[in-house]
Structures are given as C-alpha cells and as structure tokens.
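One file, final.txt, carrying compact mmCIF, C-alpha atoms:
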```
# COMPACT_ATOMS: atom_id res chain seq x y z
CA MET A 506 -14.68 -3.91 -12.65
CA SER A 507 -12.96 -7.25 -12.36
CA HIS A 508 -14.57 -8.86 -9.33
CA SER A 509 -12.79 -11.02 -6.82
CA SER A 510 -12.97 -11.30 -3.07
CA ARG A 511 -9.60 -13.01 -2.82
CA THR A 512 -7.28 -11.71 -0.17
CA ALA A 513 -3.56 -12.39 -0.22
CA ASP A 514 -3.11 -14.92 2.55
CA GLY A 515 0.63 -15.12 2.16
CA PRO A 516 3.58 -14.22 -0.10
CA ALA A 517 2.85 -16.88 -2.72
CA ASP A 518 -0.79 -15.81 -3.01
CA ALA A 519 0.15 -12.16 -3.34
CA ALA A 520 2.83 -12.81 -5.96
CA SER A 521 0.88 -15.18 -8.18
CA ASP A 522 -2.90 -14.78 -8.01
CA ILE A 523 -2.95 -11.00 -7.76
CA ALA A 524 -0.14 -10.58 -10.29
CA GLY A 525 -2.08 -12.65 -12.80
CA ALA A 526 -5.18 -10.48 -12.35
CA LEU A 527 -3.23 -7.25 -12.72
CA GLU A 528 -1.39 -8.51 -15.79
CA ARG A 529 -4.74 -9.09 -17.51
CA ALA A 530 -6.15 -5.71 -16.48
CA SER A 531 -6.78 -2.85 -18.87
CA PHE A 532 -6.81 -0.31 -16.04
CA VAL A 533 -5.94 -0.70 -12.34
CA HIS A 534 -7.25 1.37 -9.45
CA VAL A 535 -5.04 0.96 -6.36
CA VAL A 536 -6.71 2.10 -3.13
CA ALA A 537 -4.47 2.33 -0.07
CA ARG A 538 -4.96 2.57 3.66
CA ALA A 539 -3.78 5.91 5.08
CA ASP A 540 -0.44 4.87 6.54
CA GLY A 541 3.15 4.87 5.37
CA ASP A 542 3.35 1.13 4.78
CA ALA A 543 0.23 0.98 2.60
CA VAL A 544 1.11 4.10 0.62
CA ALA A 545 4.60 2.74 -0.06
CA ALA A 546 3.04 -0.55 -1.16
CA ALA A 547 0.64 1.24 -3.50
CA GLY A 548 3.54 3.15 -5.00
CA LEU A 549 5.55 -0.02 -5.60
CA VAL A 550 2.67 -1.74 -7.40
CA ALA A 551 1.77 1.37 -9.41
CA ARG A 552 5.37 1.88 -10.53
CA ALA A 553 5.48 -1.72 -11.74
CA LEU A 554 2.24 -1.21 -13.65
CA GLY A 555 3.71 1.88 -15.25
CA ASP A 556 6.84 -0.04 -16.22
CA VAL A 557 4.76 -2.56 -18.19
CA GLY A 558 2.45 0.07 -19.67
CA THR A 559 -0.74 -0.59 -17.70
CA PRO A 560 -2.70 2.60 -16.88
CA PHE A 561 -3.43 3.09 -13.20
CA GLN A 562 -4.87 5.37 -10.57
CA VAL A 563 -3.86 5.52 -6.89
CA SER A 564 -6.03 6.92 -4.11
CA VAL A 565 -6.11 6.76 -0.32
CA GLY A 566 -9.08 5.82 1.88
CA ARG A 567 -8.81 6.37 5.60
CA THR A 568 -11.57 3.92 6.58
CA VAL A 569 -12.94 0.63 5.30
CA ASP A 570 -16.06 2.46 4.14
CA ALA A 571 -14.01 5.07 2.28
CA ARG A 572 -11.97 2.44 0.44
CA THR A 573 -15.09 0.44 -0.37
CA GLU A 574 -16.76 3.53 -1.79
CA ARG A 575 -13.76 4.28 -4.00
CA VAL A 576 -13.87 0.78 -5.45
CA VAL A 577 -17.64 0.78 -5.95
CA ARG A 578 -17.44 4.02 -7.92
CA ASN A 579 -15.67 2.11 -10.70
CA GLU A 580 -18.04 -0.88 -10.77
CA ARG A 581 -19.74 0.36 -13.92
CA ASP A 582 -16.47 0.14 -15.83
CA PRO A 583 -15.79 -3.51 -16.75
CA GLU A 584 -12.24 -2.62 -17.77
CA THR A 585 -11.15 -1.54 -14.29
CA THR A 586 -9.54 -3.93 -11.81
CA ALA A 587 -9.29 -2.78 -8.20
CA LEU A 588 -6.51 -3.62 -5.77
CA VAL A 589 -7.01 -2.54 -2.16
CA VAL A 590 -3.94 -2.27 0.05
CA GLY A 591 -5.72 -2.89 3.32
CA SER A 592 -9.25 -4.12 3.89
CA SER A 593 -12.56 -3.19 2.30
CA GLU A 594 -16.02 -4.68 1.87
CA SER A 595 -15.80 -4.61 -1.91
CA GLU A 596 -15.27 -7.43 -4.36
CA ALA A 597 -11.72 -6.40 -5.12
CA TYR A 598 -8.28 -7.93 -4.85
CA HIS A 599 -6.71 -7.23 -1.48
CA LEU A 600 -3.08 -6.93 -0.47
CA ASP A 601 -3.29 -7.16 3.30
CA PRO A 602 -0.93 -9.86 4.60
CA ASP A 603 -0.93 -10.75 8.29
CA ASP A 604 2.65 -12.00 8.48
CA GLU A 605 4.61 -9.16 6.85
CA PRO A 606 4.27 -5.48 5.94
CA ALA A 607 2.18 -4.70 2.88
CA SER A 608 5.19 -2.97 1.32
CA VAL A 609 7.21 -6.20 1.43
CA ALA A 610 4.41 -8.12 -0.26
CA ALA A 611 4.08 -5.30 -2.80
CA TRP A 612 7.83 -5.43 -3.54
CA ARG A 613 7.46 -9.11 -4.34
CA LEU A 614 4.31 -8.49 -6.38
CA ALA A 615 6.01 -5.70 -8.36
CA GLY A 616 8.77 -8.14 -9.27
CA GLU A 617 6.18 -10.66 -10.47
CA LEU A 618 4.69 -7.96 -12.68
CA GLY A 619 8.03 -7.51 -14.40
CA GLY A 620 8.99 -4.23 -12.76
CA ALA A 621 12.22 -3.29 -11.02
CA PRO A 622 10.87 -2.62 -7.52
CA ASP A 623 12.60 -0.05 -5.33
CA SER A 624 13.97 -1.93 -2.33
CA VAL A 625 14.61 1.32 -0.42
CA LEU A 626 10.96 2.41 -0.75
CA ALA A 627 9.81 -1.06 0.31
CA LEU A 628 12.13 -0.99 3.31
CA ALA A 629 10.87 2.46 4.29
CA GLY A 630 7.31 1.15 4.14
CA ALA A 631 8.28 -1.74 6.39
CA VAL A 632 9.90 0.63 8.87
CA ALA A 633 6.71 2.70 8.86
CA ALA A 634 4.91 -0.52 9.79
CA GLY A 635 7.17 -0.83 12.84
CA VAL A 636 9.62 -3.42 11.52
CA THR A 637 13.33 -3.11 12.26
CA PRO A 638 15.35 -3.01 9.02
CA GLY A 639 16.83 -6.42 8.32
CA ALA A 640 14.37 -8.29 10.51
CA GLY A 641 12.20 -11.04 9.07
CA ALA A 642 11.08 -10.50 5.51
CA THR A 643 13.03 -7.23 5.23
CA GLU A 644 16.38 -9.05 5.23
CA ARG A 645 16.16 -9.47 1.46
CA LEU A 646 15.41 -5.78 1.03
CA VAL A 647 18.43 -4.73 3.04
CA ASP A 648 20.66 -7.17 1.16
CA ALA A 649 19.42 -5.94 -2.21
CA ALA A 650 19.88 -2.27 -1.34
CA GLU A 651 23.29 -2.72 0.30
CA THR A 652 24.57 -4.79 -2.61
CA SER A 653 23.66 -2.02 -5.04
CA GLY A 654 25.25 0.63 -2.80
CA ARG A 655 21.95 2.32 -2.03
CA LEU A 656 22.21 1.73 1.73
CA VAL A 657 25.07 2.52 4.09
CA ARG A 658 24.76 2.16 7.85
CA ARG A 659 26.35 4.71 10.14
CA PRO A 660 26.00 6.12 13.68
CA GLY A 661 23.55 8.92 14.30
CA LEU A 662 19.83 9.51 13.90
CA ALA A 663 17.22 8.38 11.41
CA ILE A 664 16.00 11.74 10.13
CA PRO A 665 15.00 12.69 6.57
CA THR A 666 16.97 15.92 6.23
CA GLU A 667 20.59 16.90 6.71
CA ASP A 668 19.51 19.65 9.12
CA VAL A 669 19.93 18.12 12.57
CA ALA A 670 17.67 20.54 14.45
CA ASP A 671 14.97 20.21 11.80
CA GLY A 672 15.12 16.44 12.14
CA LEU A 673 15.00 16.49 15.92
CA ALA A 674 12.05 18.87 16.07
CA ALA A 675 9.88 16.99 13.58
CA SER A 676 10.86 13.34 13.96
CA THR A 677 8.04 11.10 15.14
CA LEU A 678 10.49 8.30 15.85
CA VAL A 679 11.13 10.03 19.18
CA HIS A 680 9.14 12.16 21.61
CA ALA A 681 11.24 14.34 23.90
CA PRO A 682 11.34 17.94 25.18
CA PHE A 683 12.68 19.13 21.82
CA SER A 684 9.95 17.37 19.79
CA GLY A 685 7.79 19.84 17.91
CA GLU A 686 9.91 22.69 19.30
CA ARG A 687 12.37 23.94 16.69
CA ALA A 688 13.85 26.61 18.98
CA VAL A 689 14.56 24.02 21.67
CA ALA A 690 16.13 21.70 19.09
CA ASP A 691 18.30 24.55 17.78
CA GLU A 692 19.51 25.30 21.30
CA LEU A 693 20.24 21.66 22.04
CA VAL A 694 22.33 21.27 18.89
CA ALA A 695 24.15 24.55 19.56
CA ASP A 696 24.98 23.48 23.12
CA LEU A 697 26.71 20.37 21.78
CA ASP A 698 29.25 22.63 20.08
CA LEU A 699 29.82 20.01 17.42
CA ASP A 700 32.89 20.53 15.33
CA THR A 701 31.45 21.19 11.88
CA PRO A 702 33.07 23.03 8.94
CA ASP A 703 31.68 26.18 7.36
CA GLU A 704 28.00 25.57 6.58
CA THR A 705 28.39 27.38 3.28
CA GLN A 706 30.33 24.33 2.17
CA GLY A 707 27.42 21.97 2.78
CA ASP A 708 24.83 20.92 5.32
CA ALA A 709 26.08 20.41 8.83
CA GLU A 710 24.79 16.87 9.30
CA THR A 711 26.60 15.70 6.15
CA GLN A 712 29.85 16.96 7.61
CA LEU A 713 29.54 15.45 11.08
CA ASP A 714 32.03 12.69 11.73
CA ASP A 715 31.00 9.44 13.40
CA ASP A 716 32.04 10.61 16.87
CA ALA A 717 29.84 13.71 16.56
CA ARG A 718 26.94 11.60 15.37
CA ARG A 719 27.36 9.26 18.35
CA THR A 720 27.42 12.25 20.71
CA LEU A 721 24.22 13.56 19.18
CA ALA A 722 22.50 10.18 19.35
CA SER A 723 23.52 9.74 22.99
CA LEU A 724 22.09 13.11 23.92
CA VAL A 725 18.82 12.34 22.14
CA ALA A 726 18.60 9.05 24.02
CA VAL A 727 19.12 10.78 27.37
CA GLU A 728 16.58 13.50 26.55
CA THR A 729 14.00 10.95 25.39
CA VAL A 730 14.30 8.36 28.14
CA GLY A 731 14.81 10.96 30.86
CA ALA A 732 11.83 13.10 29.92
CA ASP A 733 8.98 13.58 32.35
CA ASP A 734 6.39 10.81 31.99
CA ALA A 735 8.62 8.73 29.70
CA THR A 736 7.87 5.03 29.98
CA THR A 737 10.30 2.13 30.11
CA ARG A 738 9.18 1.23 26.59
CA ALA A 739 10.60 4.53 25.31
CA GLY A 740 14.15 3.24 25.49
CA ASP A 741 13.35 0.15 23.44
CA VAL A 742 11.41 2.06 20.80
CA LEU A 743 14.18 4.63 20.50
CA GLU A 744 16.43 2.00 18.93
CA ARG A 745 14.51 2.50 15.65
CA ALA A 746 15.85 6.05 15.46
CA LEU A 747 19.52 5.18 16.08
CA ARG A 748 22.29 3.85 13.81
CA PRO A 749 20.27 4.52 10.66
CA TYR A 750 20.62 3.19 7.16
CA THR A 751 21.55 6.19 5.03
CA THR A 752 20.64 6.54 1.36
CA PRO A 753 23.63 8.18 -0.38
CA ASP A 754 21.78 8.69 -3.67
CA GLY A 755 18.29 9.18 -2.22
CA ARG A 756 16.18 12.29 -1.86
CA PHE A 757 16.01 11.75 1.90
CA ALA A 758 18.93 11.25 4.23
CA THR A 759 17.92 7.93 5.81
CA VAL A 760 15.47 5.08 5.36
CA GLY A 761 13.94 5.78 8.77
CA GLY A 762 13.54 9.42 7.82
CA LEU A 763 11.77 8.48 4.58
CA ALA A 764 9.49 6.15 6.56
CA ASP A 765 8.64 9.01 8.92
CA VAL A 766 7.81 11.32 6.01
CA LEU A 767 5.65 8.67 4.32
CA ASP A 768 3.71 7.98 7.50
CA CYS A 769 3.06 11.64 8.29
CA ALA A 770 2.20 12.54 4.69
CA ALA A 771 -0.21 9.60 4.43
CA VAL A 772 -2.18 11.18 7.27
CA GLY A 773 -1.64 14.91 6.74
CA ALA A 774 -1.33 15.16 2.95
CA PRO A 775 -2.23 11.82 1.33
CA GLY A 776 -1.99 13.15 -2.22
CA THR A 777 1.58 14.25 -1.57
CA GLY A 778 2.33 10.92 0.10
CA VAL A 779 1.10 9.04 -2.97
CA ALA A 780 3.12 11.28 -5.29
CA LEU A 781 6.21 10.61 -3.18
CA ALA A 782 5.66 6.85 -3.32
CA LEU A 783 5.21 7.08 -7.09
CA GLY A 784 8.63 8.69 -7.41
CA HIS A 785 7.53 12.21 -8.30
CA ASP A 786 9.63 15.21 -7.32
CA VAL A 787 7.64 16.33 -4.29
CA ARG A 788 10.43 16.33 -1.71
CA GLU A 789 9.81 19.81 -0.35
CA GLY A 790 6.04 19.36 -0.21
CA ALA A 791 6.47 16.02 1.55
CA LEU A 792 8.87 17.55 4.08
CA ASP A 793 6.41 20.37 4.75
CA ALA A 794 3.64 17.81 5.37
CA TRP A 795 5.97 15.86 7.66
CA ARG A 796 6.87 18.93 9.71
CA GLU A 797 3.30 20.17 10.06
CA THR A 798 1.83 16.77 10.93
CA ALA A 799 4.63 15.92 13.33
CA HIS A 800 4.54 19.25 15.15
CA GLU A 801 0.76 19.00 15.60
CA ALA A 802 1.08 15.43 16.88
CA HIS A 803 3.84 16.29 19.37
CA GLU A 804 1.91 19.29 20.66
CA ALA A 805 -1.21 17.17 21.08
CA VAL A 806 0.66 14.54 23.08
CA ARG A 807 2.19 17.23 25.27
CA GLU A 808 -1.12 19.00 25.91
CA ALA A 809 -3.43 15.98 26.12
CA THR A 810 -5.65 15.24 29.09
CA THR A 811 -4.90 11.64 30.03
CA HIS A 812 -6.71 8.89 31.90
CA ARG A 813 -5.45 5.44 32.78
CA TYR A 814 -7.71 2.41 32.72
CA ASP A 815 -6.99 -1.30 32.98
CA GLY A 816 -5.33 -2.15 29.66
CA VAL A 817 -5.80 1.21 27.92
CA PHE A 818 -4.30 4.68 28.32
CA VAL A 819 -6.57 7.43 26.96
CA ALA A 820 -5.35 10.83 25.76
CA ARG A 821 -8.02 13.40 24.94
CA VAL A 822 -6.98 16.12 22.49
CA ASP A 823 -8.67 19.10 20.89
CA GLU A 824 -7.34 18.67 17.38
CA ALA A 825 -4.51 16.51 16.09
CA PRO A 826 -3.42 13.91 13.53
CA VAL A 827 -4.71 11.22 15.86
CA GLN A 828 -3.01 8.25 14.15
CA VAL A 829 0.45 9.74 14.60
CA ALA A 830 -0.35 10.95 18.10
CA ALA A 831 -1.59 7.49 19.13
CA ARG A 832 1.68 5.92 18.01
CA LEU A 833 3.66 8.50 19.99
CA VAL A 834 1.57 7.96 23.12
CA ARG A 835 1.91 4.19 22.84
CA ASP A 836 5.66 4.32 22.34
CA PHE A 837 6.66 7.04 24.79
CA ARG A 838 3.91 7.79 27.30
CA SER A 839 1.48 4.92 27.80
CA PRO A 840 1.98 2.63 30.81
CA GLU A 841 -0.75 0.37 29.35
CA PRO A 842 -0.46 -1.92 26.30
CA VAL A 843 -3.04 0.09 24.30
CA ALA A 844 -3.01 3.85 23.73
CA LEU A 845 -6.19 5.60 22.60
CA VAL A 846 -6.10 9.21 21.37
CA VAL A 847 -9.55 10.80 21.10
CA GLY A 848 -10.51 14.07 19.44
CA ASP A 849 -13.92 15.68 18.96
CA ASP A 850 -15.15 13.28 16.26
CA GLU A 851 -12.27 10.93 15.48
CA ALA A 852 -9.93 8.65 17.38
CA ALA A 853 -6.96 6.36 16.86
CA ALA A 854 -5.48 3.52 18.87
CA ALA A 855 -2.11 1.77 18.89
CA ALA A 856 -1.08 -1.39 20.75
CA VAL A 857 2.27 -2.89 21.67
CA ASP A 858 1.20 -6.29 20.31
CA ASP A 859 -1.54 -7.89 18.21
CA ARG A 860 -4.91 -7.19 19.84
CA ASP A 861 -7.22 -7.13 16.81
CA LEU A 862 -7.65 -3.38 17.07
CA ALA A 863 -9.32 -3.42 13.65
CA GLY A 864 -12.07 -5.59 15.13
CA VAL A 865 -12.22 -3.46 18.26
CA ALA A 866 -12.72 -0.30 16.21
CA ALA A 867 -15.37 -1.96 14.03
CA ARG A 868 -17.32 -3.15 17.08
CA THR A 869 -17.02 0.29 18.67
CA VAL A 870 -18.51 2.22 15.74
CA THR A 871 -21.48 -0.13 15.59
CA GLN A 872 -22.35 1.39 18.97
CA THR A 873 -21.30 4.98 18.33
CA GLY A 874 -21.90 5.50 14.63
CA GLY A 875 -19.12 6.43 12.23
CA SER A 876 -16.55 4.47 10.26
CA ALA A 877 -13.49 2.48 11.22
CA ASP A 878 -10.25 1.02 9.97
CA GLY A 879 -7.41 -0.91 11.48
CA THR A 880 -4.81 -3.61 11.66
CA PRO A 881 -4.07 -5.98 14.55
CA ARG A 882 -2.01 -3.21 16.22
CA THR A 883 -3.55 0.05 15.01
CA ALA A 884 -7.03 1.47 14.55
CA TYR A 885 -8.74 4.63 13.37
CA ALA A 886 -12.39 5.63 13.75
CA THR A 887 -14.77 8.48 13.26
CA PHE A 888 -17.72 8.64 15.63
CA GLU A 889 -21.07 10.35 16.03
CA CYS A 890 -21.51 10.57 19.77
CA GLU A 891 -20.07 12.22 22.85
CA THR A 892 -16.39 11.62 23.43
CA LYS A 893 -17.02 9.92 26.78
CA GLN A 894 -19.47 7.53 25.13
CA PHE A 895 -16.91 6.57 22.49
CA ILE A 896 -14.24 5.88 25.10
CA THR A 897 -16.64 3.67 27.04
CA ALA A 898 -17.64 1.75 23.90
CA PHE A 899 -14.02 1.27 22.91
CA ARG A 900 -13.06 -0.08 26.33
CA GLU A 901 -15.97 -2.50 26.27
CA ALA A 902 -15.07 -3.69 22.76
CA LEU A 903 -11.44 -4.14 23.78
```
Rewrite the structure from the file as structure tokens, please.
Amino acid sequence: MSHSSRTADGPADAASDIAGALERASFVHVVARADGDAVAAAGLVARALGDVGTPFQVSVGRTVDARTERVVRNERDPETTALVVGSSESEAYHLDPDDEPASVAAWRLAGELGGAPDSVLALAGAVAAGVTPGAGATERLVDAAETSGRLVRRPGLAIPTEDVADGLAASTLVHAPFSGERAVADELVADLDLDTPDETQGDAETQLDDDARRTLASLVAVETVGADDATTRAGDVLERALRPYTTPDGRFATVGGLADVLDCAAVGAPGTGVALALGHDVREGALDAWRETAHEAHEAVREATTHRYDGVFVARVDEAPVQVAARLVRDFRSPEPVALVVGDDEAAAAAVDDRDLAGVAARTVTQTGGSADGTPRTAYATFECETKQFITAFREAL
C-alpha cells in the first residue's frame, strides 16, 4: 500500500496532493464513511478513476475501526493506494475537509484527475451533509448543473419519485403524521383533490402544475410544524424540502430526493448506495432501501421513549437505523441542541452546530467498549455495556 498520513486540510490540498498520489497509483481502494455525503464523494472519485483507466474498489466502513481494518487488509499489496473519505487510524490518504462537504472536495478532486465529475451527484452529497443548494462551496455546483440544463427549480417538494404519497411517506427531510405511514399519505393527497390528468398518461406528480405543487407544499408545512411535539426548529429545517431543484434527465425527481436516497441507502444498504453513486442502474433497489430505512426511522422516532437532559435529548429505541433517526429527532423533536438515539448496542447523535461529536463518541466508547465514528455534528457508536451506562458516559463526554 502507498503510505501517507496526509489529510486534506482544504480544497487546494485535496485537489493537488491527493490527486498526484492517485494518478501514480496502480490500484485505488476508496473507503467511505456510511453517510450520503461520503458515499457520493467516493462515487465521484471512483468514476474519475474509471475515466482514466485506474482500477479501483469502493467499500463502506461505519466506524473508524472498520475503515482502518479495510485499509490494513491491503497493506501487503504495495500496488494499492488507499483513500479514506472520512477518518481512520491508518496510513492512508484522507478526504475529510472541515470547511465543506466531502462531496464538494471530491468533485474538485475528480476534475483534477481528468474526469468529468457529475455536479448533480456532488450537489446531492452536499445536501445529504445538510448544506442548502447554492450556499457556500455548492454555488459552483448549482451554476454548472443549471448551465447544462440538468437542474430546474420549481415549487413543490424534494422527493425522489414522481409518486407524491410515496415521497411523503418515506421522505426523511420531514417528520410529520404521514411520515412512515403510506395509507395516511395516500389519504392526505386524496383529500387535496388536486387536479391531475389521467394517471395512465403519466405519473401524477409530473402533471401537477405549480399552483398544485404550492398547495401540496403548504399542507406539508402545516402538518410538519403543527404536529404534536414539533419543535420551533422544524419550520427552519423544513425549508430544505421545499422549492426543490428538479433533475429533468435524472433517475430521481429532485436533488433533495437523491440526497435522501443516498443517505438512507448508505445506512440501510451500503452496497446499493455505492452502486448508485458509481452510476449503476440500481434505481429500484435504492428506492426500496430508502423506503425501508425511512419507514423504520420514522416509526422509531414515533415510538421512542424520550428523556430530556441539559444540552441533550435522548430517545431510546428497540431497533432502528439510528443515524437517520438521530437526524430526525434533532431536526423535528429535540428541544436541546444535541439529539441522542440509543438502541440495544448502538447509538447515534446529531447536533444543531459543531460540537465535536466525533470526539465525544470516541471518548464515550473508551468507557463503554465498542467503536465510534463521527463528524463535528454527527456521531455513531457501538457499545458493550448497559444502555443507561452508555447514556451516562455520553453525557459526561459531551
């Protein structure tokens, strides 16, 4: 393996030092964190490597230990260069910028490698990281995609399919009474009595005019903000799901919808998420993973036993995709700046601002056993102790 402990400290570092190493590589192993941003970033880099004829492998590691192990496995092969999208304890190249989503840095890196990076995929990764399209470093991505006609903004909702009820029930960009409840979503859409042509002529959402889309978006906003236990933050977060950028020639209806699918697949079906980011025809499998992961997360949030502490809101669940559930709790239910979702042997946290949750999770598992991962605003951990003990250790580390 080509050894280096260099981490991309900024755009220039990522685009020059890492690109040079990958250009010299005979084989590249890209190991990604298990979230939509990192998986999109891995796909962008891998596509660029494929464009220039460099063999590659992409895998996903949910914890620092898991990613380190995947890199170490290849140490005996001097021809393999490892790139970790996220953090690890291995002597590998790392794409883990602090000042922008990994997918934005990967888009720039892919260009340095001589590829033609997909600006829509990069933008979806950034949205999965919580960035509003067009903000900060994503402005160039929006400009590039709009100029080529790949993005068109319209009223409505950021869902991946043209089936409105399907999108409402599974979207993790909102959490409302219809979330995870397809029958409730069907009834809500039917009650709107939207004026749509014969469905045999096409999908209903495609045929909605702008007024119908605005009506739908307004109802979703009312249902979300007016739900029992909704927090004041819910209204602000909801903006991500409204007035979406559509992708006329894409496999998914909107950029936000693609981001949602990537994020859920990265957790629930990482192999499918990687295949999607690589551009393979896995649309239906990715949508299935999105629906299943989202429905489980919404049900967990709805059924969770909650406790409020100073600075952290804890939701205890039986079984759930805890990373997705933690994001939902933070955005729509937590009155505290940090949400912690805890299952039987794993947990995830999400914060409204940078609180070094990666460090918090790492300090916690030194007390409880297990493995951890995280970013300044998100964390994931497995643990080997009683649930109550983990919660106590996390609060003390926070």
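Each of A:Leu678, A:Ala611, A:Leu862, A:Val742 was compared to Leu646 (chain A) using all atoms listed in the file, and A:Ala611 turns out to be the nearest.
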Closest of A:Thr585, A:Thr777, A:Thr798, A:Ser592 to Ser564 (chain A) - atom-to-atom distances counting all atoms listed in the file:
A:Thr777
Per residue of region 653-742 of chain A within 12 Å of region 613-630 of chain A, which atom pair is closest and at what distance in Å (one decimal), using all atoms listed in the file, listed by chain and increasing number, as a tab-separated table?
```
residue	atom	partner	partner_atom	distance
A:Ser653	CA	A:Ser624	CA	10.1
A:Gly654	CA	A:Val625	CA	10.9
A:Arg655	CA	A:Val625	CA	7.6
A:Leu656	CA	A:Val625	CA	7.9
A:Val657	CA	A:Val625	CA	11.5
A:Ala663	CA	A:Ala629	CA	11.2
A:Pro665	CA	A:Ala629	CA	11.3
```
For Arg807 (chain A): contacts at 12 Å, all atoms listed in the file, fewer than 3 positions along chain excluded, given as number ranges by chain:
A: 680-686, 732-735, 800-804, 810-811, 820-823, 825, 830, 833-834, 837-838
Output the selection as a compact mmCIF listing (two decimals), in the frame of the given file - C-alpha atoms for each residue.
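This went into again-v5.txt:
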```
# COMPACT_ATOMS: atom_id res chain seq x y z
CA HIS A 680 9.14 12.16 21.61
CA ALA A 681 11.24 14.34 23.90
CA PRO A 682 11.34 17.94 25.18
CA PHE A 683 12.68 19.13 21.82
CA SER A 684 9.95 17.37 19.79
CA GLY A 685 7.79 19.84 17.91
CA GLU A 686 9.91 22.69 19.30
CA ALA A 732 11.83 13.10 29.92
CA ASP A 733 8.98 13.58 32.35
CA ASP A 734 6.39 10.81 31.99
CA ALA A 735 8.62 8.73 29.70
CA HIS A 800 4.54 19.25 15.15
CA GLU A 801 0.76 19.00 15.60
CA ALA A 802 1.08 15.43 16.88
CA HIS A 803 3.84 16.29 19.37
CA GLU A 804 1.91 19.29 20.66
CA THR A 810 -5.65 15.24 29.09
CA THR A 811 -4.90 11.64 30.03
CA ALA A 820 -5.35 10.83 25.76
CA ARG A 821 -8.02 13.40 24.94
CA VAL A 822 -6.98 16.12 22.49
CA ASP A 823 -8.67 19.10 20.89
CA ALA A 825 -4.51 16.51 16.09
CA ALA A 830 -0.35 10.95 18.10
CA LEU A 833 3.66 8.50 19.99
CA VAL A 834 1.57 7.96 23.12
CA PHE A 837 6.66 7.04 24.79
CA ARG A 838 3.91 7.79 27.30
```
Padded axis-aligned box of region 820-824 of chain A (6 Å per side), centre and edge lengths, Å, one decimal, as lines of an AutoDock Vina configuration file:
```
center_x = -7.0
center_y = 15.0
center_z = 21.6
size_x = 15.3
size_y = 20.3
size_z = 20.4
```
Pick from A:Ala690, A:Ala634, A:Ile523, A:Val565, whichever lies nearest to Pro881 (chain A) using only C-alpha atoms:
A:Ala634
Kindly give the distance, in Å, that separates CA of Ala809 (chain A) and CA of Val679 (chain A), rounded to a single decimal.
17.2 Å
What's the 8 Å shell around region 570-574 of chain A, counting all atoms listed in the file, without same-chain residues fewer than 5 positions away, as a ChimeraX atom specification?
/A:536-538,565,589,592-595,876-877
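The spacing separating CA of Ala551 (chain A) from CA of Leu792 (chain A) amounts to 22.2 Å.
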Distance in Å - CA of Ala530 (chain A) versus CA of Arg552 (chain A):
15.0 Å
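For Cys769 (chain A), the list of residues within 8 Å, based on only C-alpha atoms and with local chain neighbours fewer than 4 positions off taken out, reads Asp540, Gly541, Asp765, Gly773, Ala774, Ala794, Trp795, Thr798, Ala799 and Val829 of chain A.
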Contacts of Arg687 (chain A) at 7 Å (only C-alpha atoms; same-chain gap of 4+ positions) as a ChimeraX atom specification
/A:670-671,674,691
So that I have them on file, write out the residues from the current selection with C-alpha atoms, as a JSON list (two decimals), in the coordinates of the input.
```
[["chain", "number", "residue", "atom", "x", "y", "z"],
["A", 670, "ALA", "CA", 17.67, 20.54, 14.45],
["A", 671, "ASP", "CA", 14.97, 20.21, 11.80],
["A", 674, "ALA", "CA", 12.05, 18.87, 16.07],
["A", 691, "ASP", "CA", 18.30, 24.55, 17.78]]
```
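Using all atoms listed in the file for every distance, the candidate list A:Gly848, A:Gly790, A:Thr759, A:Thr568 yields A:Gly848 as the residue closest to Glu824 (chain A).
With only C-alpha atoms as the atoms that count, the residue of A:Val725, A:Val730, A:Ala649, A:Leu783 with the shortest distance to Phe561 (chain A) is A:Leu783.
The closest residue to Leu527 (chain A), picked from A:Ala746, A:Ala717, A:Ala597, A:Ala726 and counting all atoms listed in the file, is A:Ala597.
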Which polymer residues have any atom within 10 Å of an atom of Gly641 (chain A), counting only C-alpha atoms, with same-chain residues fewer than 5 positions away left out, as a ChimeraX atom specification?
/A:604-605,636
Neighbours of point (-17.2, 7.7, 12.6) within 6 Å, using all atoms listed in the file, written as an MDAnalysis selection string
chainID A and resid 874:876 886:889
